[in-house]
$ cat query_16.csv   # CSV, C-alpha atoms and all ligand atoms
chain,number,residue,atom,x,y,z
A,16,MET,CA,9.9,18.4,-11.2
A,17,VAL,CA,6.8,16.1,-11.2
A,18,GLU,CA,3.9,17.2,-9.0
A,19,ALA,CA,2.8,14.9,-6.1
A,20,LEU,CA,-0.8,13.9,-6.6
A,21,LEU,CA,-1.1,12.4,-3.1
A,22,ARG,CA,0.6,13.5,0.1
A,23,VAL,CA,0.2,11.5,3.3
A,24,ARG,CA,1.6,13.0,6.5
A,25,GLU,CA,1.9,11.5,9.9
A,26,LEU,CA,-1.1,9.2,9.3
A,27,VAL,CA,-2.2,7.4,12.4
A,28,LYS,CA,-4.9,4.7,12.8
A,29,HIS,CA,-5.4,3.1,16.2
A,30,PHE,CA,-8.3,0.5,16.7
A,31,PRO,CA,-9.7,-0.4,20.1
A,32,ALA,CA,-8.1,-3.7,21.2
A,33,ALA,CA,-11.4,-4.9,22.7
A,34,GLY,CA,-14.2,-6.0,20.4
A,35,ASP,CA,-17.5,-4.5,21.7
A,36,TRP,CA,-18.2,-1.2,23.5
A,37,PHE,CA,-18.7,-3.0,26.8
A,38,ALA,CA,-15.3,-4.6,26.7
A,39,GLN,CA,-13.8,-1.3,25.7
A,40,ILE,CA,-14.8,0.2,29.0
A,41,PHE,CA,-12.5,-2.2,30.8
A,42,ASP,CA,-9.8,-2.5,28.1
A,43,ARG,CA,-8.5,0.9,26.9
A,44,ARG,CA,-5.6,-0.6,24.9
A,45,VAL,CA,-5.3,0.1,21.2
A,46,VAL,CA,-4.0,-1.7,18.2
A,47,ARG,CA,-1.5,0.6,16.6
A,48,ALA,CA,-2.2,-0.5,13.0
A,49,VAL,CA,-0.7,2.7,11.4
A,50,ASP,CA,1.5,4.8,13.5
A,51,GLY,CA,2.9,7.9,11.9
A,52,VAL,CA,3.2,7.1,8.2
A,53,SER,CA,4.3,9.8,5.6
A,54,PHE,CA,4.8,9.5,1.9
A,55,GLU,CA,4.1,11.1,-1.5
A,56,ILE,CA,3.0,9.7,-4.8
A,57,GLU,CA,3.8,11.6,-8.0
A,58,ARG,CA,1.1,11.8,-10.7
A,59,GLY,CA,1.2,8.9,-13.1
A,60,THR,CA,3.5,6.8,-11.0
A,61,THR,CA,3.2,3.7,-8.7
A,62,LEU,CA,4.3,3.5,-5.1
A,63,GLY,CA,4.6,-0.1,-3.9
A,64,LEU,CA,3.8,-0.6,-0.2
A,65,VAL,CA,5.3,-3.8,1.1
A,66,GLY,CA,5.7,-5.6,4.5
A,67,GLU,CA,4.6,-8.7,6.3
A,68,SER,CA,1.0,-9.4,7.3
A,69,GLY,CA,0.0,-7.0,10.1
A,70,SER,CA,2.4,-4.3,9.1
A,71,GLY,CA,-0.5,-1.8,8.4
A,72,LYS,CA,-0.4,-1.7,4.6
A,73,THR,CA,-4.0,-2.4,4.0
A,74,THR,CA,-5.2,-0.1,6.8
A,75,THR,CA,-3.1,2.7,5.2
A,76,GLY,CA,-4.9,2.1,1.8
A,77,ARG,CA,-8.3,2.0,3.4
A,78,VAL,CA,-7.8,5.2,5.3
A,79,ILE,CA,-6.7,7.0,2.1
A,80,VAL,CA,-10.0,6.0,0.4
A,81,ARG,CA,-11.9,6.8,3.6
A,82,LEU,CA,-13.2,3.3,4.1
A,83,VAL,CA,-11.7,3.7,7.6
A,84,GLU,CA,-11.5,7.0,9.4
A,85,PRO,CA,-8.0,7.8,10.7
A,86,THR,CA,-7.1,8.7,14.3
A,87,ARG,CA,-5.1,11.6,13.1
A,88,GLY,CA,-2.9,12.8,10.2
A,89,GLU,CA,-3.3,14.4,6.9
A,90,VAL,CA,-4.1,13.0,3.4
A,91,VAL,CA,-3.8,15.7,0.7
A,92,PHE,CA,-5.0,14.7,-2.8
A,93,ASP,CA,-4.4,17.2,-5.6
A,94,GLY,CA,-4.2,20.0,-3.0
A,95,ILE,CA,-7.4,19.0,-1.2
A,96,ASP,CA,-7.4,17.7,2.4
A,97,LEU,CA,-9.3,14.5,2.0
A,98,LEU,CA,-9.9,13.9,5.7
A,99,LYS,CA,-11.8,17.2,6.0
A,100,LEU,CA,-14.3,16.4,3.2
A,101,LYS,CA,-17.9,15.6,4.0
A,102,GLY,CA,-21.2,15.1,2.2
A,103,LYS,CA,-21.3,16.1,-1.5
A,104,ALA,CA,-17.6,17.1,-1.6
A,105,LEU,CA,-16.6,13.7,-0.3
A,106,LYS,CA,-18.9,12.0,-2.8
A,107,ALA,CA,-17.4,14.0,-5.7
A,108,MET,CA,-13.9,13.1,-4.5
A,109,ARG,CA,-14.8,9.3,-4.5
A,110,LYS,CA,-15.1,9.5,-8.3
A,111,ARG,CA,-11.4,10.5,-8.4
A,112,ILE,CA,-10.2,7.8,-6.0
A,113,GLN,CA,-11.1,4.1,-6.3
A,114,MET,CA,-9.9,0.8,-4.9
A,115,ILE,CA,-9.3,-2.7,-6.2
A,116,PHE,CA,-9.7,-5.3,-3.5
A,117,GLN,CA,-7.6,-8.4,-2.8
A,118,ASP,CA,-10.3,-11.1,-3.0
A,119,PRO,CA,-12.4,-10.7,-6.1
A,120,ALA,CA,-14.7,-13.5,-4.9
A,121,SER,CA,-15.8,-11.7,-1.8
A,122,SER,CA,-15.7,-8.1,-3.1
A,123,LEU,CA,-18.3,-8.8,-5.8
A,124,ASN,CA,-22.0,-9.1,-4.9
A,125,PRO,CA,-23.0,-12.7,-5.9
A,126,ARG,CA,-26.6,-11.7,-6.5
A,127,LYS,CA,-25.7,-9.1,-9.1
A,128,THR,CA,-24.7,-9.5,-12.7
A,129,VAL,CA,-21.4,-8.1,-14.0
A,130,GLY,CA,-23.3,-5.4,-15.7
A,131,GLN,CA,-25.1,-4.4,-12.5
A,132,ILE,CA,-21.8,-4.5,-10.5
A,133,VAL,CA,-19.9,-2.2,-13.0
A,134,ALA,CA,-23.0,0.1,-13.4
A,135,GLU,CA,-23.3,0.6,-9.6
A,136,PRO,CA,-20.7,3.4,-9.3
A,137,LEU,CA,-22.0,5.1,-12.4
A,138,ARG,CA,-25.5,5.0,-10.9
A,139,VAL,CA,-24.4,6.3,-7.5
A,140,HIS,CA,-22.6,9.2,-9.2
A,141,GLY,CA,-25.4,9.8,-11.7
A,142,MET,CA,-22.9,9.7,-14.6
A,143,VAL,CA,-24.7,7.8,-17.4
A,144,LYS,CA,-28.3,6.6,-18.1
A,145,GLY,CA,-30.2,4.8,-20.8
A,146,ARG,CA,-28.5,3.5,-24.0
A,147,ASP,CA,-25.3,5.3,-23.1
A,148,LEU,CA,-25.0,3.2,-20.0
A,149,GLU,CA,-24.7,-0.1,-22.0
A,150,ARG,CA,-22.2,1.5,-24.3
A,151,LYS,CA,-20.2,2.7,-21.4
A,152,LEU,CA,-20.3,-0.7,-19.6
A,153,VAL,CA,-19.1,-2.5,-22.7
A,154,ARG,CA,-16.3,0.0,-23.2
A,155,THR,CA,-15.3,-0.3,-19.5
A,156,LEU,CA,-15.3,-4.1,-19.6
A,157,GLU,CA,-13.2,-4.0,-22.7
A,158,LEU,CA,-10.7,-1.8,-20.9
A,159,ALA,CA,-10.4,-4.5,-18.3
A,160,GLY,CA,-9.9,-7.2,-21.0
A,161,LEU,CA,-13.5,-8.6,-21.0
A,162,SER,CA,-16.0,-8.5,-23.8
A,163,GLY,CA,-19.6,-7.3,-23.6
A,164,ARG,CA,-20.9,-10.9,-23.4
A,165,PHE,CA,-19.9,-10.9,-19.7
A,166,LEU,CA,-22.5,-8.2,-18.9
A,167,ASN,CA,-25.3,-10.7,-18.0
A,168,ARG,CA,-23.1,-13.3,-16.1
A,169,TYR,CA,-22.9,-13.7,-12.4
A,170,PRO,CA,-19.6,-13.7,-10.4
A,171,HIS,CA,-19.8,-17.5,-9.7
A,172,GLU,CA,-19.8,-18.1,-13.5
A,173,LEU,CA,-16.4,-16.5,-13.8
A,174,SER,CA,-12.8,-17.7,-13.2
A,175,GLY,CA,-10.7,-15.9,-10.6
A,176,GLY,CA,-8.9,-13.8,-13.2
A,177,GLN,CA,-12.2,-12.8,-14.8
A,178,ARG,CA,-13.6,-11.8,-11.4
A,179,GLN,CA,-10.6,-9.6,-10.7
A,180,ARG,CA,-11.0,-8.0,-14.2
A,181,VAL,CA,-14.6,-7.2,-13.1
A,182,GLY,CA,-13.2,-5.6,-9.9
A,183,ILE,CA,-10.9,-3.6,-12.1
A,184,ALA,CA,-13.7,-2.6,-14.4
A,185,ARG,CA,-15.8,-1.4,-11.4
A,186,ALA,CA,-12.9,0.7,-10.3
A,187,LEU,CA,-12.4,2.2,-13.8
A,188,ALA,CA,-16.1,2.9,-14.5
A,189,VAL,CA,-16.0,6.4,-13.0
A,190,ARG,CA,-12.6,7.1,-14.7
A,191,PRO,CA,-10.6,7.7,-11.5
A,192,GLU,CA,-7.2,9.4,-11.4
A,193,PHE,CA,-5.9,7.4,-8.4
A,194,ILE,CA,-6.4,3.7,-7.5
A,195,VAL,CA,-5.4,1.9,-4.3
A,196,CYS,CA,-4.6,-1.7,-5.5
A,197,ASP,CA,-4.8,-3.8,-2.3
A,198,GLU,CA,-3.0,-7.0,-3.1
A,199,PRO,CA,-4.9,-7.3,-6.4
A,200,VAL,CA,-3.1,-10.5,-7.5
A,201,THR,CA,-2.5,-12.4,-4.2
A,202,ALA,CA,-5.6,-14.6,-4.6
A,203,LEU,CA,-4.8,-15.5,-8.2
A,204,ASP,CA,-2.9,-18.3,-9.9
A,205,VAL,CA,0.7,-17.4,-10.9
A,206,SER,CA,-0.1,-17.6,-14.6
A,207,ILE,CA,-3.1,-15.1,-14.2
A,208,GLN,CA,-1.1,-12.8,-11.9
A,209,ALA,CA,1.2,-11.7,-14.8
A,210,GLN,CA,-1.8,-11.0,-17.0
A,211,ILE,CA,-3.5,-8.8,-14.4
A,212,LEU,CA,-0.2,-7.0,-13.6
A,213,ASN,CA,0.4,-6.2,-17.2
A,214,LEU,CA,-3.2,-5.1,-17.6
A,215,LEU,CA,-2.8,-2.6,-14.6
A,216,MET,CA,0.4,-1.3,-16.2
A,217,ASP,CA,-1.2,-0.8,-19.6
A,218,LEU,CA,-4.2,0.9,-18.0
A,219,GLN,CA,-1.8,3.2,-16.1
A,220,GLU,CA,-0.2,4.3,-19.4
A,221,GLU,CA,-3.5,4.6,-21.3
A,222,LEU,CA,-5.5,6.4,-18.6
A,223,SER,CA,-2.6,8.3,-16.9
A,224,LEU,CA,-3.5,6.5,-13.6
A,225,THR,CA,-1.6,6.8,-10.3
A,226,TYR,CA,-1.4,3.7,-8.1
A,227,LEU,CA,-0.7,2.9,-4.5
A,228,PHE,CA,0.1,-0.8,-5.0
A,229,ILE,CA,-0.1,-2.8,-1.8
A,230,ALA,CA,1.6,-6.3,-1.8
A,231,HIS,CA,3.7,-8.6,0.2
A,232,ASP,CA,5.3,-10.3,-2.8
A,233,LEU,CA,8.5,-8.4,-3.5
A,234,SER,CA,8.9,-9.6,-7.1
A,235,VAL,CA,5.4,-8.3,-7.9
A,236,VAL,CA,6.2,-4.9,-6.3
A,237,LYS,CA,9.5,-4.7,-8.2
A,238,HIS,CA,7.7,-5.3,-11.5
A,239,VAL,CA,5.1,-2.6,-11.2
A,240,SER,CA,6.5,0.1,-8.9
A,241,ASP,CA,8.5,3.3,-9.5
A,242,ARG,CA,9.1,3.8,-5.8
A,243,VAL,CA,8.8,1.4,-2.9
A,244,ALA,CA,7.9,2.0,0.8
A,245,VAL,CA,8.7,-0.8,3.3
A,246,MET,CA,6.4,-1.0,6.3
A,247,TYR,CA,7.0,-2.7,9.6
A,248,LEU,CA,4.6,-2.7,12.5
A,249,GLY,CA,2.7,0.4,11.5
A,250,LYS,CA,5.7,2.5,10.4
A,251,ILE,CA,7.7,3.0,7.2
A,252,VAL,CA,11.3,1.9,7.7
A,253,GLU,CA,12.6,2.5,4.2
A,254,ILE,CA,11.3,4.4,1.2
A,255,GLY,CA,12.9,5.3,-2.2
A,256,ASP,CA,13.4,4.5,-5.8
A,257,VAL,CA,12.6,0.8,-6.7
A,258,ASN,CA,16.0,0.0,-8.3
A,259,THR,CA,18.0,1.5,-5.4
A,260,ILE,CA,16.0,-0.4,-2.8
A,261,PHE,CA,16.1,-3.7,-4.6
A,262,GLY,CA,19.7,-3.2,-5.7
A,263,SER,CA,21.1,-1.9,-2.4
A,264,PRO,CA,18.6,-2.3,0.5
A,265,LYS,CA,19.7,-0.3,3.6
A,266,HIS,CA,17.4,-1.2,6.4
A,267,PRO,CA,18.0,-4.6,8.0
A,268,TYR,CA,14.3,-5.5,7.7
A,269,THR,CA,14.4,-4.7,3.9
A,270,GLN,CA,17.6,-6.7,3.6
A,271,ALA,CA,15.9,-9.7,5.4
A,272,LEU,CA,12.8,-9.5,3.2
A,273,LEU,CA,14.9,-9.5,0.1
A,274,ALA,CA,17.2,-12.3,1.3
A,275,ALA,CA,14.1,-14.5,1.9
A,276,VAL,CA,13.0,-14.3,-1.7
A,277,PRO,CA,13.4,-17.7,-3.5
A,278,ARG,CA,15.9,-17.7,-6.3
A,279,PRO,CA,15.6,-20.1,-9.3
A,280,ASP,CA,19.3,-21.2,-9.0
A,281,PRO,CA,20.1,-24.5,-7.4
A,282,LYS,CA,23.6,-23.2,-6.6
A,283,ALA,CA,22.3,-20.2,-4.7
A,284,PRO,CA,23.2,-20.1,-1.0
A,285,PRO,CA,20.4,-21.1,1.3
A,286,ARG,CA,17.8,-18.4,1.9
A,287,LYS,CA,18.1,-16.4,5.1
A,288,VAL,CA,14.9,-16.7,7.2
A,289,LEU,CA,13.8,-13.8,9.3
A,290,ARG,CA,13.8,-14.9,13.0
A,291,GLY,CA,10.7,-14.6,15.2
A,292,GLU,CA,7.2,-13.2,14.7
A,293,VAL,CA,6.0,-9.7,14.1
A,294,PRO,CA,5.4,-8.4,17.7
A,295,SER,CA,1.8,-7.4,18.7
A,296,PRO,CA,0.8,-3.9,17.5
A,297,ILE,CA,-1.1,-3.6,20.8
A,298,ASP,CA,2.2,-3.4,22.7
A,299,PRO,CA,5.0,-2.7,20.1
A,300,PRO,CA,8.6,-2.9,21.3
A,301,PRO,CA,10.1,0.4,22.5
A,302,GLY,CA,12.8,2.2,20.5
A,303,CYS,CA,13.2,0.6,17.1
A,304,ARG,CA,10.2,-1.8,16.6
A,305,PHE,CA,12.4,-4.2,14.7
A,306,HIS,CA,15.0,-4.6,17.4
A,307,PRO,CA,13.9,-8.0,18.8
A,308,ARG,CA,14.5,-9.5,15.3
A,309,CYS,CA,17.4,-7.4,14.1
A,310,GLU,CA,20.7,-9.1,13.2
A,311,ASN,CA,22.4,-5.7,13.4
A,312,PHE,CA,21.1,-4.8,16.8
A,313,LEU,CA,23.3,-2.0,18.3
A,314,GLY,CA,22.4,-2.3,21.9
A,315,ASP,CA,20.6,0.3,24.1
A,316,ILE,CA,20.2,2.9,21.5
A,317,CYS,CA,18.0,0.5,19.4
A,318,LYS,CA,16.0,-0.5,22.5
A,319,GLU,CA,15.4,3.0,23.8
A,320,GLU,CA,15.4,5.5,20.9
A,321,GLU,CA,13.0,5.4,18.0
A,322,PRO,CA,15.0,6.0,14.7
A,323,ARG,CA,13.7,8.7,12.4
A,324,LEU,CA,13.5,8.5,8.7
A,325,LEU,CA,16.7,10.0,7.4
A,326,ARG,CA,17.9,10.5,3.8
A,327,VAL,CA,21.0,8.4,3.0
A,328,GLU,CA,23.1,7.6,0.0
A,329,GLY,CA,21.1,7.1,-3.2
A,330,GLY,CA,18.3,9.4,-2.1
A,331,VAL,CA,16.6,6.6,-0.1
A,332,MET,CA,15.1,7.4,3.3
A,333,VAL,CA,15.8,4.9,6.1
A,334,ALA,CA,14.7,4.7,9.8
A,335,CYS,CA,17.7,2.9,11.4
A,336,HIS,CA,20.4,3.9,13.9
A,337,LEU,CA,23.0,2.4,11.6
A,338,TYR,CA,22.4,5.4,9.4
A,339,GLY,CA,21.6,7.9,12.2
A,340,ARG,CA,23.4,11.1,13.2
A,341,GLY,CA,25.0,11.1,16.6
A,342,SER,CA,28.2,9.1,17.5
A,343,SER,CA,30.2,7.0,15.2
A,344,SER,CA,28.8,3.9,16.9
A,345,GLN,CA,25.5,4.8,15.2
A,346,ARG,CA,26.9,4.5,11.7
A,347,ALA,CA,26.9,1.5,9.4
A,348,PRO,CA,29.9,-0.8,10.0
A,349,GLU,CA,31.1,-0.3,6.4
A,350,GLU,CA,30.9,3.5,6.7
A,351,LYS,CA,32.8,3.4,10.0
A,352,ALA,CA,35.5,1.2,8.3
A,353,GLN,CA,35.9,3.8,5.5
A,354,GLY,CA,35.8,6.7,7.9
A,355,LYS,CA,32.8,8.2,6.1
A,356,PRO,CA,31.0,11.1,7.7
A,357,ASN,CA,27.5,10.6,9.0
A,358,PRO,CA,24.8,11.2,6.3
A,359,PRO,CA,23.1,14.6,6.4
A,360,GLU,CA,19.8,15.1,8.1
A,361,ALA,CA,16.9,14.6,5.8
A,362,PRO,CA,14.4,17.4,5.1
A,363,PRO,CA,11.2,17.1,7.2
A,364,PHE,CA,9.5,15.5,4.3
A,365,LEU,CA,10.3,13.6,1.0
B,1,LIG,FE1,18.4,-2.9,13.8
B,1,LIG,FE2,18.9,-0.9,15.5
B,1,LIG,FE3,18.5,-0.4,12.9
B,1,LIG,FE4,16.5,-1.2,14.4
B,1,LIG,S1,17.7,0.7,14.6
B,1,LIG,S2,17.0,-1.9,12.4
B,1,LIG,S3,17.5,-2.6,15.8
B,1,LIG,S4,20.2,-1.6,13.8
$ encode --input "query_16.csv" --output "structure tokens" --more "lines below"
Ligand code: SF4
Amino acid sequence: MVEALLRVRELVKHFPAAGDWFAQIFDRRVVRAVDGVSFEIERGTTLGLVGESGSGKTTTGRVIVRLVEPTRGEVVFDGIDLLKLKGKALKAMRKRIQMIFQDPASSLNPRKTVGQIVAEPLRVHGMVKGRDLERKLVRTLELAGLSGRFLNRYPHELSGGQRQRVGIARALAVRPEFIVCDEPVTALDVSIQAQILNLLMDLQEELSLTYLFIAHDLSVVKHVSDRVAVMYLGKIVEIGDVNTIFGSPKHPYTQALLAAVPRPDPKAPPRKVLRGEVPSPIDPPPGCRFHPRCENFLGDICKEEEPRLLRVEGGVMVACHLYGRGSSSQRAPEEKAQGKPNPPEAPPFL
């Protein structure tokens, strides 16, 4: 059995709904960006985290790297509780966990050269000095697919793809074990996206990296992930092996996301479009948060009772009353038709 490098349990991040402290005195409401998320990532594998804008994917990634402090929950990395680390211990851990940001243009300091940008984490961690530094910088740029001649260039002199390679080189400089990739190809042209994705996959093999890959493009997630977690309004609604989820999605939201993916076939039936907008995370719907948009809505149970993540056929975990325990009315229509028993209750964690 492969060991889990990262374990996230019941992670919660609520932001004050009001902007400044004065407004917060009168408005105590909170934005429930992440609301009880649990998953594991095995060493050397990729977990794809997908969902619409506002589902809480990026906040989850930022909490894991401690760019944002969580409201509560547990993040255990290689047996160490990340959220309890402070001072030197936290700084040492930052060498092992890095992040690649979505927008390479805004995540690189325009006043610094590529060499200074990639050297920054090495300098902060006191890892290399003098002549060794230049050798290390060239080697790191080469890993990211750039040559040493880029060392003295500024970000504005680079193309979008080259800038993202600098972002990747900066993350690789301290030789991390785990990288949160936050929509790393979203801001790039389609032709460049494939190059960056293949680079990330090659680096994973060469350096035994583990990734949390955040994206809203399902085809990108399918290409790079071993397992996939689907988020909706701060919660994971389905998680499991990539082939099982893409081949036989169980949750109505996952089904709707996949049905909306364009197919290069003129004879393909028209795409299904998910109705309505994502509700406000300040005041999410009671019961199942997806119920106002769900085509399989079961009535009161969906409005009143929050579905738990349960393991179903194929080892996938789904949070939906179609697959719940309870009465036969809670089971999937095709299961009821075949007289199948309810799926067993899942263990408390994956
Ligand atoms: Fe739809 Fe009900 Fe399942 Fe929610 S719990 S996804 S509303 S069927």
$ closest_residue --input "query_16.csv" --among "A:Val236, A:Val143, A:Leu26, A:Val245" --to "Val91 (chain A)" --atoms "all atoms listed in the file"
A:Leu26
$ residues_around --input "query_16.csv" --residues "Leu62 (chain A)" --least-positions-apart "4" --cutoff "9 Å" --atoms "all atoms listed in the file" --output "MDAnalysis selection string"
chainID A and resid 55:57 225:229 236 239:244 257
$ write_last_selection --input "query_16.csv" --atoms "C-alpha atoms" --output "tab-separated table (two decimals), keeping the file's coordinate frame"
chain	number	residue	atom	x	y	z
A	55	GLU	CA	4.10	11.10	-1.50
A	56	ILE	CA	3.00	9.70	-4.80
A	57	GLU	CA	3.80	11.60	-8.00
A	225	THR	CA	-1.60	6.80	-10.30
A	226	TYR	CA	-1.40	3.70	-8.10
A	227	LEU	CA	-0.70	2.90	-4.50
A	228	PHE	CA	0.10	-0.80	-5.00
A	229	ILE	CA	-0.10	-2.80	-1.80
A	236	VAL	CA	6.20	-4.90	-6.30
A	239	VAL	CA	5.10	-2.60	-11.20
A	240	SER	CA	6.50	0.10	-8.90
A	241	ASP	CA	8.50	3.30	-9.50
A	242	ARG	CA	9.10	3.80	-5.80
A	243	VAL	CA	8.80	1.40	-2.90
A	244	ALA	CA	7.90	2.00	0.80
A	257	VAL	CA	12.60	0.80	-6.70
$ residues_around --input "query_16.csv" --residues "Gly182 (chain A)" --least-positions-apart "6" --cutoff "8 Å" --atoms "only C-alpha atoms" --output "list in words"
Ile115, Phe116, Pro119, Ser122 and Leu123 of chain A
$ write_last_selection --input "query_16.csv" --atoms "C-alpha atoms" --output "CSV table (one decimal), in the coordinates of the input"
chain,number,residue,atom,x,y,z
A,115,ILE,CA,-9.3,-2.7,-6.2
A,116,PHE,CA,-9.7,-5.3,-3.5
A,119,PRO,CA,-12.4,-10.7,-6.1
A,122,SER,CA,-15.7,-8.1,-3.1
A,123,LEU,CA,-18.3,-8.8,-5.8
$ residues_near_ligand --input "query_16.csv" --ligand "ligand LIG 1 (chain B)" --cutoff "8 Å" --atoms "only C-alpha atoms and all ligand atoms" --output "PyMOL selection string"
chain A and resi 266-268+302-314+316-318+321-322+334-338
$ atom_distance --input "query_16.csv" --atom1 "CA of Gly102 (chain A)" --atom2 "CA of Arg58 (chain A)"
26.0 Å
$ atom_distance --input "query_16.csv" --atom1 "CA of Gly59 (chain A)" --atom2 "CA of Gln219 (chain A)"
7.1 Å
$ residues_around --input "query_16.csv" --residues "Arg24 (chain A)" --least-positions-apart "3" --cutoff "9 Å" --atoms "all atoms listed in the file" --output "list in words"
Val27, Gly51, Val52, Ser53, Phe54, Glu55, Gly88, Glu89, Val90, Val91 and Phe364 of chain A
$ atom_distance --input "query_16.csv" --atom1 "CA of Gly291 (chain A)" --atom2 "CA of Pro277 (chain A)"
19.1 Å
